[in-house]
Amino acid sequence: MAGLAATLGSGAMTNSIGEIEFDDVLFIIGSNAPEAHPIIGNKMKRAVTVNGAKLIVADPRRTELADYAHLWLRLKPGTDNALVNGLLYLIISNGWHDKAYIDERCEGFDELWQVVQAYPPERVSEITGVPVEQLREAAELYATTRKAGIFYTLGITEHTTGTANVMNLANLAMVTGHIGIENAGVNPLRGQNNVQGSCDMGALPNSFPGYPSVNDEQARARFSAAYGVPMPEKMGLRIPEMLDMAVFGKLKAMYVMGEDPALTDADANHVRKALESLEFLVAQNLFMTETAKYADVFLPAACYAEKDGTFTNTERRVQRVRKAVDPPGQCRPDWQIIADLSTRLGHELHYDSPEQIFDEMRALVPQYAGISYERIDQVGLQWPCPDESHPGTKFLHIGKFTRGKGLLQGIEYEAPAELVSDEYPILLTTGRMLYHYNIMTRHSALLEGLRPHELAQINPTDADRLALSEGDMARVTSRRGSITSRVTVTDTVPPGVVFMTFHYKESPVNELTNSAFDPVTKTAEFKVCAVRIEKELAEVAPAV
């Protein structure tokens, strides 16, 4: 990928969080920001209540943002690409596209239009469930509003067509001229606090820090010289590939740092089998996680408040993190653990401070070159920041794309890997809730008290059919596993859909989710799988 595609592939927002309140239109798809990104969610609500913005919300569930929306497009789970193609059809056929922008800054328009012509609104309505009138209004509102931004999260990427979904959103923004200007853009909201920084620093199997490919000979030579060891010439394995190779006995050892795949990865029974198949497992974390229970060695790490360093957030802003308290017991900052481990393995790494490591990063990553601890002492800077006189970059792709012209590509709609059947008649979709952040917040007594257990959301129509009432226990079964959960009866979800979160080891929803994955990113299809639901009868106590 190159240009805009590379930016979106790295997960970076093209624009800034501060711009959100001043957008005139926000197209929010596959994102429940008030619960998953509450600060950003508040800005989206302020855009409406204070500045009169209009929200277009595409989501199968009636989320809080749907209540603020000018248009709520209640699409069927997994039909995002069909929806985007339908919007493109309407925009182009009605002449709402920005022809001058396309001629000057893009290529591939004819190929895009050839594909999109097969998605008239009537067909798209049949696929997605969104009424034709809503499709027309959404297309016109987004295309004809200058200050219009796209915002998405895991509801777009956690599909077998996640990469295609992202590329098609880029098509939508380019066709309408919404890239390279303020208060617009395509803005993926990162799912965790420093995942952007981790990817920037090369925590990916296909790139070095700053995103040069491992296939780039010049980049490989530069990093080999900097680190004093030859860099790999081949792309590393992605998570599903690692798990499969562990099961097959081809991957012998694993070092899991700051993750709990036994609870959070798709098809969790397969994940546990992979962990059991390893000859050696190291877990580095704050708590004894479900994954750490399989580990041969546990390395206790310090949390964010117990160490110094930097985080890079979802808008590419590099910010200081400062130690507030000492880590307990034998816990140490991750960088110290890694440096010590590397030295013991034969490659000496000696650093005196996180700032020394950051200066090394600046020397190797052009986007970070102008960012120093001194410059971000009080307020962070957004990359790219190529030198110390540069103010940082508020929004990307001004004037031109990195590759030159933006590449428009026709993207065909493909259905999810698993759909309903007579045996599994309900679609399960997953996500987060406000009260918990992934799985770690359950160690907080206060947050645990607010929501101590899973509440599977089920529509009243399905609840009546299954004789389920509020708070009942239900058994949810897919082709991969079976779990129990309390239910809440709500029209937040449509008939035929159940929503669950992945926060609870007592109701480990990822035993159910499908491990089918996107062919490019290898991200599993967490958002759609087929299940059946049955009322779980209370066990009768044995007679004394």
# chains A, B, ... in the order shown; residues from 1 in each chain; ligands from 1
$ select_by_dssp --residues "stretch 255-472 of chain A" --states "strand (DSSP E or B)" --output "PyMOL selection string"
chain A and resi 255-257+280-285+297-301+309-312+317-321+332+381-382+401+404+406-407+426-431+455-458
$ write_last_selection --atoms "C-alpha atoms" --output "PDB file, in the first residue's frame"
ATOM      1  CA  TYR A 255       6.954 -14.363  24.048  1.00  0.00           C
ATOM      2  CA  VAL A 256       3.624 -12.667  24.829  1.00  0.00           C
ATOM      3  CA  MET A 257       3.945  -9.113  26.097  1.00  0.00           C
ATOM      4  CA  PHE A 280       8.243 -22.696  25.947  1.00  0.00           C
ATOM      5  CA  LEU A 281       6.033 -19.692  26.698  1.00  0.00           C
ATOM      6  CA  VAL A 282       7.014 -16.382  28.298  1.00  0.00           C
ATOM      7  CA  ALA A 283       4.324 -13.953  29.490  1.00  0.00           C
ATOM      8  CA  GLN A 284       5.177 -10.357  30.391  1.00  0.00           C
ATOM      9  CA  ASN A 285       2.286  -8.527  32.000  1.00  0.00           C
ATOM     10  CA  VAL A 297       8.170 -17.938  32.822  1.00  0.00           C
ATOM     11  CA  PHE A 298       6.251 -14.869  33.981  1.00  0.00           C
ATOM     12  CA  LEU A 299       7.984 -11.475  33.770  1.00  0.00           C
ATOM     13  CA  PRO A 300       6.249  -8.840  35.959  1.00  0.00           C
ATOM     14  CA  ALA A 301       6.020  -5.483  34.197  1.00  0.00           C
ATOM     15  CA  GLY A 309       8.494   7.322  28.271  1.00  0.00           C
ATOM     16  CA  THR A 310       6.219   8.373  25.429  1.00  0.00           C
ATOM     17  CA  PHE A 311       2.895   7.264  24.029  1.00  0.00           C
ATOM     18  CA  THR A 312       1.697   8.051  20.507  1.00  0.00           C
ATOM     19  CA  ARG A 317       0.460  12.861  18.746  1.00  0.00           C
ATOM     20  CA  VAL A 318       3.625  11.898  20.632  1.00  0.00           C
ATOM     21  CA  GLN A 319       3.241  12.700  24.338  1.00  0.00           C
ATOM     22  CA  ARG A 320       5.312  12.288  27.487  1.00  0.00           C
ATOM     23  CA  VAL A 321       4.372   9.704  30.107  1.00  0.00           C
ATOM     24  CA  ARG A 332      10.145  -3.353  36.039  1.00  0.00           C
ATOM     25  CA  LEU A 381       3.593  16.946  18.698  1.00  0.00           C
ATOM     26  CA  GLN A 382       1.966  15.137  15.780  1.00  0.00           C
ATOM     27  CA  PHE A 401      -0.405  11.952  -1.631  1.00  0.00           C
ATOM     28  CA  GLY A 404       1.766  10.983  -5.999  1.00  0.00           C
ATOM     29  CA  GLY A 406      -4.279   8.627  -4.900  1.00  0.00           C
ATOM     30  CA  LEU A 407      -5.244   5.218  -6.269  1.00  0.00           C
ATOM     31  CA  ILE A 426     -28.620 -15.698  15.049  1.00  0.00           C
ATOM     32  CA  LEU A 427     -25.683 -13.437  14.178  1.00  0.00           C
ATOM     33  CA  LEU A 428     -23.308 -12.652  17.040  1.00  0.00           C
ATOM     34  CA  THR A 429     -21.427  -9.361  16.920  1.00  0.00           C
ATOM     35  CA  THR A 430     -18.953  -8.214  19.549  1.00  0.00           C
ATOM     36  CA  GLY A 431     -17.509  -5.013  20.964  1.00  0.00           C
ATOM     37  CA  LEU A 455     -25.036  -8.967  29.653  1.00  0.00           C
ATOM     38  CA  ALA A 456     -25.722 -10.354  26.189  1.00  0.00           C
ATOM     39  CA  GLN A 457     -28.018  -7.957  24.337  1.00  0.00           C
ATOM     40  CA  ILE A 458     -30.955  -9.690  22.673  1.00  0.00           C
TER      41      ILE A 458
END
$ select_by_dssp --residues "stretch 397-477 of chain A" --states "helix (DSSP H, G or I)" --output "list in words"
Met440, Thr441, Arg442, His443, Ala445, Leu446, Leu447, Glu448, Gly449, Leu450, Pro460, Thr461, Asp462, Ala463, Asp464 and Arg465 of chain A
$ write_last_selection --atoms "C-alpha atoms" --output "short mmCIF file (atom, residue, chain, number, x, y, z; two decimals), in the first residue's frame"
data_model
loop_
_atom_site.label_atom_id
_atom_site.label_comp_id
_atom_site.auth_asym_id
_atom_site.auth_seq_id
_atom_site.Cartn_x
_atom_site.Cartn_y
_atom_site.Cartn_z
CA MET A 440 -7.53 -5.35 32.75
CA THR A 441 -10.14 -3.07 34.34
CA ARG A 442 -11.81 -6.02 36.01
CA HIS A 443 -9.01 -5.77 38.55
CA ALA A 445 -13.15 -3.10 42.43
CA LEU A 446 -15.07 0.06 41.53
CA LEU A 447 -15.44 -0.79 37.84
CA GLU A 448 -16.16 -4.42 38.63
CA GLY A 449 -18.96 -3.26 40.89
CA LEU A 450 -20.50 -1.25 38.04
CA PRO A 460 -37.41 -8.62 22.51
CA THR A 461 -38.64 -10.60 19.48
CA ASP A 462 -35.90 -13.19 19.91
CA ALA A 463 -36.28 -13.15 23.70
CA ASP A 464 -40.00 -13.96 23.42
CA ARG A 465 -39.30 -16.79 20.99
#
$ residues_around --residues "A:Pro327" --least-positions-apart "5" --cutoff "9 Å" --atoms "only C-alpha atoms" --output "number ranges by chain"
A: 301-303, 305-307, 332-333
$ write_last_selection --atoms "N, CA, C and O atoms" --output "short mmCIF file (atom, residue, chain, number, x, y, z; two decimals), in the first residue's frame"
data_model
loop_
_atom_site.label_atom_id
_atom_site.label_comp_id
_atom_site.auth_asym_id
_atom_site.auth_seq_id
_atom_site.Cartn_x
_atom_site.Cartn_y
_atom_site.Cartn_z
N ALA A 301 5.74 -6.78 34.81
CA ALA A 301 6.02 -5.48 34.20
C ALA A 301 5.40 -4.35 35.01
O ALA A 301 4.49 -4.55 35.81
N ALA A 302 5.90 -3.14 34.76
CA ALA A 302 5.35 -1.94 35.39
C ALA A 302 4.21 -1.39 34.52
O ALA A 302 4.21 -1.54 33.30
N CYS A 303 3.26 -0.75 35.17
CA CYS A 303 2.15 -0.15 34.43
C CYS A 303 2.51 1.27 33.99
O CYS A 303 3.58 1.79 34.34
N ALA A 305 1.71 4.19 34.93
CA ALA A 305 1.97 5.19 35.97
C ALA A 305 3.25 4.91 36.74
O ALA A 305 3.62 5.69 37.63
N GLU A 306 3.93 3.82 36.39
CA GLU A 306 5.13 3.41 37.12
C GLU A 306 6.39 3.52 36.25
O GLU A 306 7.42 2.96 36.59
N LYS A 307 6.29 4.28 35.13
CA LYS A 307 7.45 4.37 34.25
C LYS A 307 7.41 5.67 33.46
O LYS A 307 6.36 6.31 33.32
N ARG A 332 9.22 -4.29 36.67
CA ARG A 332 10.14 -3.35 36.04
C ARG A 332 9.54 -2.83 34.74
O ARG A 332 8.71 -3.49 34.12
N PRO A 333 9.98 -1.65 34.28
CA PRO A 333 9.53 -1.16 32.98
C PRO A 333 9.89 -2.13 31.87
O PRO A 333 10.93 -2.80 31.92
#
$ residues_around --residues "A:Tyr119" --least-positions-apart "5" --cutoff "7 Å" --atoms "only C-alpha atoms" --output "number ranges by chain"
A: 85-86, 89, 124
$ residues_around --residues "stretch 411-422 of chain A" --least-positions-apart "3" --cutoff "8 Å" --atoms "only C-alpha atoms" --output "list in words"
Gly78, Thr79, Asn81, Ala82, Asn85, Leu112, Val115, Val116, His159, Thr160, Thr161, Ala164, Met167, Asn168, Pro425, Ile426, Leu427, Asn514, Ala516, Glu525, Val528, Cys529, Ala530 and Val531 of chain A
$ write_last_selection --atoms "C-alpha atoms" --output "PDB file, in the first residue's frame"
ATOM      1  CA  GLY A  78     -20.809  -7.374   7.712  1.00  0.00           C
ATOM      2  CA  THR A  79     -22.389  -5.391   4.841  1.00  0.00           C
ATOM      3  CA  ASN A  81     -18.638  -2.534   1.750  1.00  0.00           C
ATOM      4  CA  ALA A  82     -21.970  -2.858   0.000  1.00  0.00           C
ATOM      5  CA  ASN A  85     -20.408   1.063  -2.857  1.00  0.00           C
ATOM      6  CA  LEU A 112     -13.755   2.218  -9.671  1.00  0.00           C
ATOM      7  CA  VAL A 115     -17.327  -1.882 -10.217  1.00  0.00           C
ATOM      8  CA  VAL A 116     -19.607   0.599  -8.461  1.00  0.00           C
ATOM      9  CA  HIS A 159     -13.859  -8.689   9.231  1.00  0.00           C
ATOM     10  CA  THR A 160     -12.504 -11.036   6.590  1.00  0.00           C
ATOM     11  CA  THR A 161     -12.891  -8.006   4.313  1.00  0.00           C
ATOM     12  CA  ALA A 164     -11.235  -3.930   1.565  1.00  0.00           C
ATOM     13  CA  MET A 167      -9.759   0.882   1.049  1.00  0.00           C
ATOM     14  CA  ASN A 168     -13.343   1.600   0.081  1.00  0.00           C
ATOM     15  CA  PRO A 425     -29.954 -18.810  13.264  1.00  0.00           C
ATOM     16  CA  ILE A 426     -28.620 -15.698  15.049  1.00  0.00           C
ATOM     17  CA  LEU A 427     -25.683 -13.437  14.178  1.00  0.00           C
ATOM     18  CA  ASN A 514     -14.779 -17.081  13.964  1.00  0.00           C
ATOM     19  CA  ALA A 516     -11.505 -16.711   9.590  1.00  0.00           C
ATOM     20  CA  GLU A 525     -13.675 -11.736  11.875  1.00  0.00           C
ATOM     21  CA  VAL A 528     -19.818 -11.634  12.636  1.00  0.00           C
ATOM     22  CA  CYS A 529     -20.446 -15.283  13.400  1.00  0.00           C
ATOM     23  CA  ALA A 530     -23.486 -17.552  13.598  1.00  0.00           C
ATOM     24  CA  VAL A 531     -24.795 -18.832  16.932  1.00  0.00           C
TER      25      VAL A 531
END
$ closest_residue --among "A:Asn165, A:Gln196, A:Gly30, A:Glu137" --to "A:His70" --atoms "only C-alpha atoms"
A:Glu137
$ atom_distance --atom1 "atom CA of A:Ile91" --atom2 "atom CA of A:Ser16"
25.9 Å
$ residues_around --residues "A:Leu135" --least-positions-apart "5" --cutoff "12 Å" --atoms "only C-alpha atoms" --output "ChimeraX atom specification"
/A:56-58,71-75,82-91,119-126,128-130,140-142
$ residues_around --residues "A:Pro230" --least-positions-apart "4" --cutoff "8 Å" --atoms "only C-alpha atoms" --output "PyMOL selection string"
chain A and resi 220-221+224-225
